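Peer 1: Below is the file input-v8.cif, which contains mmCIF, N, CA and C atoms.
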data_upload
#
loop_
_atom_site.label_atom_id
_atom_site.label_comp_id
_atom_site.auth_asym_id
_atom_site.auth_seq_id
_atom_site.Cartn_x
_atom_site.Cartn_y
_atom_site.Cartn_z
N MET S 1 79.28 27.15 107.62
CA MET S 1 78.67 25.83 107.62
C MET S 1 77.97 25.62 108.95
N THR S 2 76.74 25.18 108.89
CA THR S 2 76.02 24.81 110.10
C THR S 2 76.37 23.37 110.39
N LEU S 3 77.06 23.17 111.52
CA LEU S 3 77.52 21.83 111.85
C LEU S 3 76.50 21.04 112.63
N PHE S 4 75.81 21.71 113.56
CA PHE S 4 74.94 20.98 114.48
C PHE S 4 73.47 21.34 114.33
N ARG S 5 72.64 20.32 114.53
CA ARG S 5 71.19 20.47 114.63
C ARG S 5 70.77 19.58 115.80
N VAL S 6 69.71 19.95 116.46
CA VAL S 6 69.22 19.15 117.58
C VAL S 6 67.77 18.79 117.33
N ASP S 7 67.47 17.50 117.49
CA ASP S 7 66.10 17.02 117.41
C ASP S 7 65.62 16.79 118.84
N ARG S 8 64.85 17.71 119.34
CA ARG S 8 64.39 17.63 120.73
C ARG S 8 63.27 16.61 120.91
N ARG S 9 62.65 16.19 119.82
CA ARG S 9 61.55 15.22 119.91
C ARG S 9 62.04 13.78 119.83
N GLY S 10 63.25 13.60 119.33
CA GLY S 10 63.79 12.24 119.19
C GLY S 10 64.19 11.66 120.53
N GLY S 11 64.47 10.40 120.53
CA GLY S 11 64.84 9.72 121.77
C GLY S 11 66.32 9.75 122.06
N THR S 12 67.13 10.36 121.20
CA THR S 12 68.58 10.39 121.38
C THR S 12 68.99 11.62 122.19
N ALA S 13 69.83 11.39 123.19
CA ALA S 13 70.32 12.50 124.01
C ALA S 13 71.01 13.54 123.14
N VAL S 14 70.90 14.80 123.53
CA VAL S 14 71.46 15.89 122.73
C VAL S 14 72.97 15.73 122.55
N TYR S 15 73.70 15.39 123.63
CA TYR S 15 75.15 15.24 123.49
C TYR S 15 75.48 14.14 122.49
N ALA S 16 74.70 13.05 122.47
CA ALA S 16 74.93 11.95 121.54
C ALA S 16 74.65 12.39 120.10
N GLN S 17 73.65 13.25 119.92
CA GLN S 17 73.37 13.79 118.58
C GLN S 17 74.57 14.58 118.06
N LEU S 18 75.18 15.39 118.95
CA LEU S 18 76.33 16.18 118.54
C LEU S 18 77.49 15.28 118.13
N VAL S 19 77.74 14.24 118.90
CA VAL S 19 78.81 13.30 118.58
C VAL S 19 78.53 12.64 117.23
N GLN S 20 77.30 12.17 117.04
CA GLN S 20 76.94 11.51 115.78
C GLN S 20 77.13 12.45 114.59
N GLN S 21 76.78 13.71 114.76
CA GLN S 21 76.89 14.66 113.66
C GLN S 21 78.34 14.94 113.29
N VAL S 22 79.22 14.99 114.29
CA VAL S 22 80.64 15.19 113.98
C VAL S 22 81.19 13.95 113.28
N ARG S 23 80.84 12.76 113.79
CA ARG S 23 81.29 11.52 113.14
C ARG S 23 80.86 11.49 111.68
N GLN S 24 79.61 11.84 111.42
CA GLN S 24 79.09 11.84 110.06
C GLN S 24 79.80 12.88 109.20
N ALA S 25 80.03 14.06 109.75
CA ALA S 25 80.71 15.12 109.00
C ALA S 25 82.13 14.70 108.63
N VAL S 26 82.80 13.98 109.52
CA VAL S 26 84.14 13.47 109.22
C VAL S 26 84.05 12.40 108.13
N ARG S 27 83.08 11.49 108.28
CA ARG S 27 82.92 10.39 107.32
C ARG S 27 82.69 10.90 105.90
N VAL S 28 81.89 11.95 105.76
CA VAL S 28 81.57 12.43 104.41
C VAL S 28 82.50 13.54 103.94
N GLY S 29 83.47 13.91 104.76
CA GLY S 29 84.47 14.89 104.35
C GLY S 29 84.12 16.34 104.59
N ARG S 30 82.99 16.61 105.27
CA ARG S 30 82.66 18.00 105.60
C ARG S 30 83.61 18.54 106.66
N LEU S 31 84.12 17.66 107.51
CA LEU S 31 85.16 18.01 108.47
C LEU S 31 86.40 17.20 108.12
N ARG S 32 87.54 17.87 108.13
CA ARG S 32 88.80 17.20 107.80
C ARG S 32 89.77 17.31 108.98
N PRO S 33 90.76 16.45 109.00
CA PRO S 33 91.77 16.55 110.06
C PRO S 33 92.32 17.98 110.16
N GLY S 34 92.38 18.48 111.38
CA GLY S 34 92.88 19.84 111.61
C GLY S 34 91.80 20.90 111.67
N ASP S 35 90.60 20.57 111.21
CA ASP S 35 89.49 21.54 111.30
C ASP S 35 89.16 21.80 112.76
N ARG S 36 88.88 23.05 113.06
CA ARG S 36 88.54 23.46 114.43
C ARG S 36 87.03 23.45 114.59
N LEU S 37 86.56 22.82 115.66
CA LEU S 37 85.13 22.84 115.97
C LEU S 37 84.79 24.17 116.63
N PRO S 38 83.53 24.59 116.53
CA PRO S 38 83.13 25.81 117.24
C PRO S 38 83.30 25.60 118.75
N THR S 39 83.46 26.68 119.47
CA THR S 39 83.60 26.57 120.93
C THR S 39 82.30 26.04 121.51
N SER S 40 82.40 25.49 122.71
CA SER S 40 81.20 24.96 123.37
C SER S 40 80.19 26.09 123.59
N ARG S 41 80.68 27.27 123.89
CA ARG S 41 79.78 28.40 124.10
C ARG S 41 79.04 28.76 122.81
N GLU S 42 79.76 28.78 121.68
CA GLU S 42 79.13 29.08 120.40
C GLU S 42 78.04 28.06 120.07
N VAL S 43 78.34 26.78 120.29
CA VAL S 43 77.37 25.73 120.00
C VAL S 43 76.16 25.86 120.93
N ALA S 44 76.42 26.05 122.22
CA ALA S 44 75.34 26.15 123.20
C ALA S 44 74.42 27.33 122.88
N GLU S 45 75.01 28.48 122.58
CA GLU S 45 74.21 29.65 122.27
C GLU S 45 73.45 29.48 120.96
N GLY S 46 74.11 28.90 119.97
CA GLY S 46 73.48 28.71 118.67
C GLY S 46 72.31 27.74 118.70
N LEU S 47 72.39 26.73 119.58
CA LEU S 47 71.33 25.73 119.66
C LEU S 47 70.39 25.93 120.83
N GLY S 48 70.74 26.86 121.72
CA GLY S 48 69.91 27.09 122.89
C GLY S 48 69.94 25.91 123.86
N ILE S 49 71.14 25.36 124.06
CA ILE S 49 71.29 24.22 124.98
C ILE S 49 72.32 24.57 126.05
N ASN S 50 72.39 23.73 127.07
CA ASN S 50 73.31 23.95 128.18
C ASN S 50 74.75 23.71 127.71
N PRO S 51 75.68 24.61 128.03
CA PRO S 51 77.07 24.42 127.63
C PRO S 51 77.68 23.11 128.15
N ASN S 52 77.19 22.63 129.30
CA ASN S 52 77.70 21.36 129.82
C ASN S 52 77.36 20.19 128.91
N THR S 53 76.26 20.29 128.19
CA THR S 53 75.87 19.27 127.23
C THR S 53 76.89 19.21 126.10
N VAL S 54 77.30 20.37 125.62
CA VAL S 54 78.29 20.44 124.55
C VAL S 54 79.63 19.92 125.06
N LEU S 55 80.00 20.31 126.27
CA LEU S 55 81.27 19.84 126.84
C LEU S 55 81.27 18.32 126.98
N LYS S 56 80.15 17.76 127.36
CA LYS S 56 80.05 16.29 127.47
C LYS S 56 80.28 15.65 126.10
N ALA S 57 79.68 16.21 125.07
CA ALA S 57 79.86 15.68 123.71
C ALA S 57 81.32 15.80 123.29
N TYR S 58 81.94 16.94 123.56
CA TYR S 58 83.34 17.14 123.17
C TYR S 58 84.26 16.17 123.93
N ARG S 59 83.97 15.95 125.22
CA ARG S 59 84.77 14.99 125.99
C ARG S 59 84.63 13.58 125.43
N GLU S 60 83.41 13.21 125.05
CA GLU S 60 83.19 11.88 124.49
C GLU S 60 83.91 11.73 123.16
N MET S 61 83.87 12.77 122.34
CA MET S 61 84.58 12.71 121.05
C MET S 61 86.09 12.61 121.26
N GLU S 62 86.58 13.30 122.28
CA GLU S 62 88.02 13.24 122.57
C GLU S 62 88.40 11.85 123.06
N ALA S 63 87.59 11.28 123.94
CA ALA S 63 87.87 9.93 124.46
C ALA S 63 87.85 8.90 123.33
N ALA S 64 87.03 9.13 122.32
CA ALA S 64 86.93 8.21 121.18
C ALA S 64 88.03 8.43 120.15
N GLY S 65 88.86 9.46 120.36
CA GLY S 65 89.94 9.73 119.42
C GLY S 65 89.50 10.46 118.17
N LEU S 66 88.33 11.06 118.23
CA LEU S 66 87.79 11.79 117.08
C LEU S 66 88.32 13.22 117.01
N VAL S 67 88.49 13.84 118.18
CA VAL S 67 88.96 15.21 118.25
C VAL S 67 90.04 15.32 119.33
N GLU S 68 90.72 16.47 119.32
CA GLU S 68 91.73 16.76 120.34
C GLU S 68 91.48 18.18 120.84
N ALA S 69 91.39 18.31 122.16
CA ALA S 69 91.25 19.62 122.77
C ALA S 69 92.65 20.17 123.01
N ARG S 70 92.90 21.38 122.54
CA ARG S 70 94.20 22.03 122.74
C ARG S 70 93.98 23.24 123.64
N GLN S 71 94.62 23.20 124.79
CA GLN S 71 94.45 24.24 125.80
C GLN S 71 94.62 25.63 125.20
N GLY S 72 93.59 26.45 125.35
CA GLY S 72 93.65 27.84 124.89
C GLY S 72 93.50 28.01 123.39
N SER S 73 93.38 26.92 122.65
CA SER S 73 93.33 27.02 121.20
C SER S 73 92.01 26.54 120.61
N GLY S 74 91.44 25.50 121.20
CA GLY S 74 90.18 24.99 120.69
C GLY S 74 90.18 23.48 120.59
N THR S 75 89.18 22.96 119.90
CA THR S 75 89.02 21.52 119.70
C THR S 75 89.13 21.24 118.21
N TYR S 76 90.00 20.30 117.88
CA TYR S 76 90.34 20.04 116.49
C TYR S 76 90.08 18.59 116.11
N VAL S 77 89.66 18.39 114.87
CA VAL S 77 89.41 17.06 114.33
C VAL S 77 90.76 16.37 114.13
N LEU S 78 90.84 15.12 114.58
CA LEU S 78 92.04 14.32 114.40
C LEU S 78 91.97 13.52 113.10
N ASP S 79 93.13 13.11 112.63
CA ASP S 79 93.21 12.26 111.46
C ASP S 79 92.66 10.89 111.82
N GLN S 80 91.67 10.44 111.08
CA GLN S 80 91.06 9.14 111.35
C GLN S 80 91.68 8.10 110.43
N ARG S 81 92.17 7.03 111.01
CA ARG S 81 92.74 5.95 110.23
C ARG S 81 91.59 5.17 109.56
N PRO S 82 91.75 4.90 108.28
CA PRO S 82 90.69 4.15 107.62
C PRO S 82 90.60 2.73 108.19
N LEU S 83 89.39 2.22 108.28
CA LEU S 83 89.18 0.86 108.76
C LEU S 83 89.65 -0.14 107.71
N ASP S 84 90.13 -1.26 108.18
CA ASP S 84 90.46 -2.36 107.28
C ASP S 84 89.17 -3.14 107.04
N LEU S 85 88.47 -2.77 106.01
CA LEU S 85 87.17 -3.39 105.74
C LEU S 85 87.31 -4.85 105.36
N GLY S 86 88.44 -5.23 104.82
CA GLY S 86 88.65 -6.63 104.47
C GLY S 86 88.55 -7.52 105.70
N ASP S 87 89.21 -7.13 106.78
CA ASP S 87 89.15 -7.90 108.02
C ASP S 87 87.73 -7.91 108.59
N LEU S 88 87.07 -6.76 108.55
CA LEU S 88 85.70 -6.68 109.06
C LEU S 88 84.77 -7.58 108.27
N ARG S 89 84.94 -7.59 106.95
CA ARG S 89 84.09 -8.44 106.11
C ARG S 89 84.31 -9.92 106.43
N GLU S 90 85.57 -10.30 106.64
CA GLU S 90 85.87 -11.69 106.99
C GLU S 90 85.23 -12.07 108.33
N GLU S 91 85.34 -11.18 109.31
CA GLU S 91 84.75 -11.45 110.61
C GLU S 91 83.23 -11.54 110.51
N LEU S 92 82.64 -10.66 109.72
CA LEU S 92 81.19 -10.68 109.55
C LEU S 92 80.75 -11.95 108.83
N ALA S 93 81.48 -12.34 107.80
CA ALA S 93 81.15 -13.57 107.07
C ALA S 93 81.22 -14.78 108.00
N ALA S 94 82.22 -14.82 108.86
CA ALA S 94 82.35 -15.92 109.81
C ALA S 94 81.17 -15.92 110.80
N TRP S 95 80.79 -14.75 111.25
CA TRP S 95 79.65 -14.63 112.17
C TRP S 95 78.37 -15.10 111.49
N VAL S 96 78.16 -14.67 110.26
CA VAL S 96 76.96 -15.07 109.52
C VAL S 96 76.95 -16.58 109.34
N ALA S 97 78.09 -17.16 109.03
CA ALA S 97 78.17 -18.62 108.85
C ALA S 97 77.81 -19.34 110.16
N ARG S 98 78.33 -18.86 111.29
CA ARG S 98 78.01 -19.48 112.59
C ARG S 98 76.53 -19.33 112.91
N ALA S 99 75.99 -18.13 112.66
CA ALA S 99 74.58 -17.89 112.97
C ALA S 99 73.68 -18.73 112.08
N THR S 100 74.02 -18.86 110.81
CA THR S 100 73.23 -19.66 109.88
C THR S 100 73.30 -21.14 110.28
N ALA S 101 74.49 -21.60 110.66
CA ALA S 101 74.65 -22.99 111.10
C ALA S 101 73.83 -23.25 112.37
N ALA S 102 73.62 -22.23 113.17
CA ALA S 102 72.83 -22.37 114.39
C ALA S 102 71.32 -22.31 114.11
N GLY S 103 70.96 -22.12 112.84
CA GLY S 103 69.55 -22.15 112.48
C GLY S 103 68.89 -20.80 112.30
N LEU S 104 69.65 -19.71 112.37
CA LEU S 104 69.06 -18.38 112.19
C LEU S 104 68.89 -18.09 110.71
N ASP S 105 67.80 -17.41 110.36
CA ASP S 105 67.59 -17.02 108.97
C ASP S 105 67.95 -15.55 108.78
N ARG S 106 67.78 -15.07 107.57
CA ARG S 106 68.17 -13.70 107.22
C ARG S 106 67.46 -12.67 108.11
N ALA S 107 66.18 -12.86 108.37
CA ALA S 107 65.43 -11.92 109.22
C ALA S 107 66.00 -11.91 110.64
N ASP S 108 66.39 -13.08 111.14
CA ASP S 108 67.00 -13.16 112.47
C ASP S 108 68.32 -12.39 112.50
N LEU S 109 69.12 -12.55 111.45
CA LEU S 109 70.40 -11.85 111.38
C LEU S 109 70.20 -10.34 111.38
N HIS S 110 69.24 -9.88 110.60
CA HIS S 110 68.95 -8.44 110.55
C HIS S 110 68.49 -7.94 111.91
N ALA S 111 67.64 -8.72 112.57
CA ALA S 111 67.15 -8.31 113.88
C ALA S 111 68.29 -8.21 114.89
N LEU S 112 69.21 -9.17 114.85
CA LEU S 112 70.37 -9.14 115.76
C LEU S 112 71.26 -7.94 115.47
N LEU S 113 71.49 -7.67 114.20
CA LEU S 113 72.32 -6.53 113.83
C LEU S 113 71.66 -5.22 114.24
N ASP S 114 70.37 -5.09 114.01
CA ASP S 114 69.65 -3.89 114.43
C ASP S 114 69.75 -3.69 115.93
N GLU S 115 69.59 -4.78 116.68
CA GLU S 115 69.68 -4.70 118.13
C GLU S 115 71.08 -4.26 118.56
N ALA S 116 72.09 -4.83 117.95
CA ALA S 116 73.48 -4.48 118.30
C ALA S 116 73.76 -3.01 117.98
N CYS S 117 73.22 -2.51 116.89
CA CYS S 117 73.43 -1.10 116.53
C CYS S 117 72.75 -0.17 117.53
N ARG S 118 71.60 -0.54 118.03
CA ARG S 118 70.92 0.30 119.03
C ARG S 118 71.71 0.33 120.33
N VAL S 119 72.29 -0.77 120.70
CA VAL S 119 73.03 -0.86 121.96
C VAL S 119 74.34 -0.09 121.86
N ASP S 120 75.07 -0.25 120.76
CA ASP S 120 76.40 0.34 120.62
C ASP S 120 76.40 1.71 119.98
N GLY S 121 75.43 2.04 119.17
CA GLY S 121 75.50 3.27 118.42
C GLY S 121 74.57 4.27 118.88
#
Can the structure in the file be given as structure tokens, please?
Peer 2:
Amino acid sequence: MTLFRVDRRGGTAVYAQLVQQVRQAVRVGRLRPGDRLPTSREVAEGLGINPNTVLKAYREMEAAGLVEARQGSGTYVLDQRPLDLGDLREELAAWVARATAAGLDRADLHALLDEACRVDG
């Protein structure tokens, strides 16, 4: 399985692309808890990028609780707890109600959400 691709023309940093691709692979089930990621050297050589870039991505994934580095063994996908979407929906509905009461329309809400996704994601 080819796990990583790099878009050198896009505006997203390479390490962030790697993180996003692992998150997506976990979300859609291509990577499962316990799966071992390729070594940083394998990824760097396969993509023609600096190994430090891969290490930065792996450190970020580890800090986010997505993977676990095991000394001498490799980097493994951790079990991800499913989100409680019910709570998220309630929070979002409350936010939409406050924003609507403040006079924002649907286009304003979409613009705010798009902006928040660019900042956080």
Peer 1: Box in all listed atoms of region 23-39 of chain S, axis-aligned, with 5 Å more on each side; write out centre and edge lengths in Å to one decimal as AutoDock Vina command-line options.
Peer 2:
--center_x 86.0 --center_y 18.5 --center_z 112.7 --size_x 23.8 --size_y 26.3 --size_z 27.6
Peer 1: Could you give me the residues within chain S that DSSP places in strand (DSSP E), as an mmCIF file with N, CA and C atoms, in the coordinates of the input?
Peer 2:
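The result, written out as selection.cif:
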data_model
loop_
_atom_site.group_PDB
_atom_site.id
_atom_site.type_symbol
_atom_site.label_atom_id
_atom_site.label_comp_id
_atom_site.auth_asym_id
_atom_site.auth_seq_id
_atom_site.Cartn_x
_atom_site.Cartn_y
_atom_site.Cartn_z
ATOM 1 N N ARG S 36 88.880 23.050 113.060
ATOM 2 C CA ARG S 36 88.540 23.460 114.430
ATOM 3 C C ARG S 36 87.030 23.450 114.590
ATOM 4 N N LEU S 37 86.560 22.820 115.660
ATOM 5 C CA LEU S 37 85.130 22.840 115.970
ATOM 6 C C LEU S 37 84.790 24.170 116.630
ATOM 7 N N VAL S 67 88.490 13.840 118.180
ATOM 8 C CA VAL S 67 88.960 15.210 118.250
ATOM 9 C C VAL S 67 90.040 15.320 119.330
ATOM 10 N N GLU S 68 90.720 16.470 119.320
ATOM 11 C CA GLU S 68 91.730 16.760 120.340
ATOM 12 C C GLU S 68 91.480 18.180 120.840
ATOM 13 N N ALA S 69 91.390 18.310 122.160
ATOM 14 C CA ALA S 69 91.250 19.620 122.770
ATOM 15 C C ALA S 69 92.650 20.170 123.010
ATOM 16 N N ARG S 70 92.900 21.380 122.540
ATOM 17 C CA ARG S 70 94.200 22.030 122.740
ATOM 18 C C ARG S 70 93.980 23.240 123.640
ATOM 19 N N GLY S 74 91.440 25.500 121.200
ATOM 20 C CA GLY S 74 90.180 24.990 120.690
ATOM 21 C C GLY S 74 90.180 23.480 120.590
ATOM 22 N N THR S 75 89.180 22.960 119.900
ATOM 23 C CA THR S 75 89.020 21.520 119.700
ATOM 24 C C THR S 75 89.130 21.240 118.210
ATOM 25 N N TYR S 76 90.000 20.300 117.880
ATOM 26 C CA TYR S 76 90.340 20.040 116.490
ATOM 27 C C TYR S 76 90.080 18.590 116.110
ATOM 28 N N VAL S 77 89.660 18.390 114.870
ATOM 29 C CA VAL S 77 89.410 17.060 114.330
ATOM 30 C C VAL S 77 90.760 16.370 114.130
#
Peer 1: Which residues, written as a list in words, have at least one atom at most 6.5 Å from Tyr15 (chain S), with only N, CA and C atoms counted and residues fewer than 2 positions away on the same chain left out?
Peer 2: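 Everything that qualifies: Thr12, Ala13, Gln17, Leu18, Val19, Gln20, Thr53, Val54, Lys56 and Ala57 of chain S.
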Peer 1: Keeping N, CA and C atoms for every residue in the selection just given, could you write it to a file as an mmCIF file, keeping the file's coordinate frame?
Peer 2:
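Once everything was written out, this is selection-v1.cif:
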data_model
loop_
_atom_site.group_PDB
_atom_site.id
_atom_site.type_symbol
_atom_site.label_atom_id
_atom_site.label_comp_id
_atom_site.auth_asym_id
_atom_site.auth_seq_id
_atom_site.Cartn_x
_atom_site.Cartn_y
_atom_site.Cartn_z
ATOM 1 N N THR S 12 67.130 10.360 121.200
ATOM 2 C CA THR S 12 68.580 10.390 121.380
ATOM 3 C C THR S 12 68.990 11.620 122.190
ATOM 4 N N ALA S 13 69.830 11.390 123.190
ATOM 5 C CA ALA S 13 70.320 12.500 124.010
ATOM 6 C C ALA S 13 71.010 13.540 123.140
ATOM 7 N N GLN S 17 73.650 13.250 119.920
ATOM 8 C CA GLN S 17 73.370 13.790 118.580
ATOM 9 C C GLN S 17 74.570 14.580 118.060
ATOM 10 N N LEU S 18 75.180 15.390 118.950
ATOM 11 C CA LEU S 18 76.330 16.180 118.540
ATOM 12 C C LEU S 18 77.490 15.280 118.130
ATOM 13 N N VAL S 19 77.740 14.240 118.900
ATOM 14 C CA VAL S 19 78.810 13.300 118.580
ATOM 15 C C VAL S 19 78.530 12.640 117.230
ATOM 16 N N GLN S 20 77.300 12.170 117.040
ATOM 17 C CA GLN S 20 76.940 11.510 115.780
ATOM 18 C C GLN S 20 77.130 12.450 114.590
ATOM 19 N N THR S 53 76.260 20.290 128.190
ATOM 20 C CA THR S 53 75.870 19.270 127.230
ATOM 21 C C THR S 53 76.890 19.210 126.100
ATOM 22 N N VAL S 54 77.300 20.370 125.620
ATOM 23 C CA VAL S 54 78.290 20.440 124.550
ATOM 24 C C VAL S 54 79.630 19.920 125.060
ATOM 25 N N LYS S 56 80.150 17.760 127.360
ATOM 26 C CA LYS S 56 80.050 16.290 127.470
ATOM 27 C C LYS S 56 80.280 15.650 126.100
ATOM 28 N N ALA S 57 79.680 16.210 125.070
ATOM 29 C CA ALA S 57 79.860 15.680 123.710
ATOM 30 C C ALA S 57 81.320 15.800 123.290
#
Peer 1: Run DSSP on the backbone of this structure and report the residues of chain S it assigns to helix (DSSP H, G or I), as number ranges by chain.
Peer 2: S: 14-27, 40-47, 51-63, 85-101, 106-120
Peer 1: Between CA of Leu88 (chain S) and CA of Gly29 (chain S), what distance in Å does the model show, to one decimal?
Peer 2: 22.1 Å
Peer 1: Expand the PyMOL selection byres (((chain S and resi 109-119 and name CA) around 10) and name CA) into the individual residues it matches in the shown file, reporting them as a list in words.
Peer 2: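 Selection result, ordered by chain and number: Trp95, Val96, Ala99, Thr100, Leu104, Asp105, Arg106, Ala107, Asp108, Asp120 and Gly121 of chain S.
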Peer 1: Considering all atoms listed in the file, state which residue in the set S:Asp87, S:Leu55, S:Met61, S:Ala25 is at the smallest distance from Arg41 (chain S).
Peer 2: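 The answer is S:Leu55, which sits nearest to Arg41 (chain S).
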Peer 1: Expand the PyMOL selection byres ((chain S and resi 36) around 5) into the explicit residue set it covers here, and present it as a ChimeraX atom specification.
Peer 2: /S:34-35,37-38,75-76
Peer 1: Which distance in Å separates CA of Val77 (chain S) and CA of Asn52 (chain S), to one decimal?
Peer 2: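 Value for the CA of Val77 (chain S)-CA of Asn52 (chain S) distance: 19.9 Å.
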Peer 1: So how many Å separate CA of Phe4 (chain S) and CA of Arg70 (chain S), to one decimal?
Peer 2: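 Between these atoms lies a distance of 21.0 Å.
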Peer 1: Closest to Pro33 (chain S) among S:Arg89, S:Leu66, S:Gly46, S:Gly103, using only C-alpha atoms?
Peer 2: S:Leu66
Peer 1: Which neighbours of Arg5 (chain S) fall inside 8 Å, counting all atoms listed in the file, when residues of the same chain fewer than 2 positions from it are skipped, and could you give them as a PyMOL selection string?
Peer 2: chain S and resi 2-3+7-8+14+17-18+21+47
Peer 1: Could you rebuild region 34-52 of chain S with N, CA, C and O atoms and give me the result as a compact mmCIF listing (two decimals), keeping the file's coordinate frame?
Peer 2:
# COMPACT_ATOMS: atom_id res chain seq x y z
N GLY S 34 92.38 18.48 111.38
CA GLY S 34 92.88 19.84 111.61
C GLY S 34 91.80 20.90 111.67
O GLY S 34 92.05 22.02 112.12
N ASP S 35 90.60 20.57 111.21
CA ASP S 35 89.49 21.54 111.30
C ASP S 35 89.16 21.80 112.76
O ASP S 35 89.16 20.89 113.59
N ARG S 36 88.88 23.05 113.06
CA ARG S 36 88.54 23.46 114.43
C ARG S 36 87.03 23.45 114.59
O ARG S 36 86.30 23.99 113.76
N LEU S 37 86.56 22.82 115.66
CA LEU S 37 85.13 22.84 115.97
C LEU S 37 84.79 24.17 116.63
O LEU S 37 85.65 24.81 117.25
N PRO S 38 83.53 24.59 116.53
CA PRO S 38 83.13 25.81 117.24
C PRO S 38 83.30 25.60 118.75
O PRO S 38 83.26 24.47 119.24
N THR S 39 83.46 26.68 119.47
CA THR S 39 83.60 26.57 120.93
C THR S 39 82.30 26.04 121.51
O THR S 39 81.22 26.16 120.91
N SER S 40 82.40 25.49 122.71
CA SER S 40 81.20 24.96 123.37
C SER S 40 80.19 26.09 123.59
O SER S 40 78.98 25.89 123.47
N ARG S 41 80.68 27.27 123.89
CA ARG S 41 79.78 28.40 124.10
C ARG S 41 79.04 28.76 122.81
O ARG S 41 77.84 29.01 122.82
N GLU S 42 79.76 28.78 121.68
CA GLU S 42 79.13 29.08 120.40
C GLU S 42 78.04 28.06 120.07
O GLU S 42 76.95 28.43 119.63
N VAL S 43 78.34 26.78 120.29
CA VAL S 43 77.37 25.73 120.00
C VAL S 43 76.16 25.86 120.93
O VAL S 43 75.01 25.82 120.48
N ALA S 44 76.42 26.05 122.22
CA ALA S 44 75.34 26.15 123.20
C ALA S 44 74.42 27.33 122.88
O ALA S 44 73.19 27.20 122.90
N GLU S 45 75.01 28.48 122.58
CA GLU S 45 74.21 29.65 122.27
C GLU S 45 73.45 29.48 120.96
O GLU S 45 72.29 29.85 120.85
N GLY S 46 74.11 28.90 119.97
CA GLY S 46 73.48 28.71 118.67
C GLY S 46 72.31 27.74 118.70
O GLY S 46 71.34 27.90 117.95
N LEU S 47 72.39 26.73 119.58
CA LEU S 47 71.33 25.73 119.66
C LEU S 47 70.39 25.93 120.83
O LEU S 47 69.38 25.23 120.95
N GLY S 48 70.74 26.86 121.72
CA GLY S 48 69.91 27.09 122.89
C GLY S 48 69.94 25.91 123.86
O GLY S 48 68.90 25.52 124.39
N ILE S 49 71.14 25.36 124.06
CA ILE S 49 71.29 24.22 124.98
C ILE S 49 72.32 24.57 126.05
O ILE S 49 73.04 25.57 125.95
N ASN S 50 72.39 23.73 127.07
CA ASN S 50 73.31 23.95 128.18
C ASN S 50 74.75 23.71 127.71
O ASN S 50 75.03 22.69 127.06
N PRO S 51 75.68 24.61 128.03
CA PRO S 51 77.07 24.42 127.63
C PRO S 51 77.68 23.11 128.15
O PRO S 51 78.55 22.52 127.51
N ASN S 52 77.19 22.63 129.30
CA ASN S 52 77.70 21.36 129.82
C ASN S 52 77.36 20.19 128.91
O ASN S 52 78.09 19.21 128.84
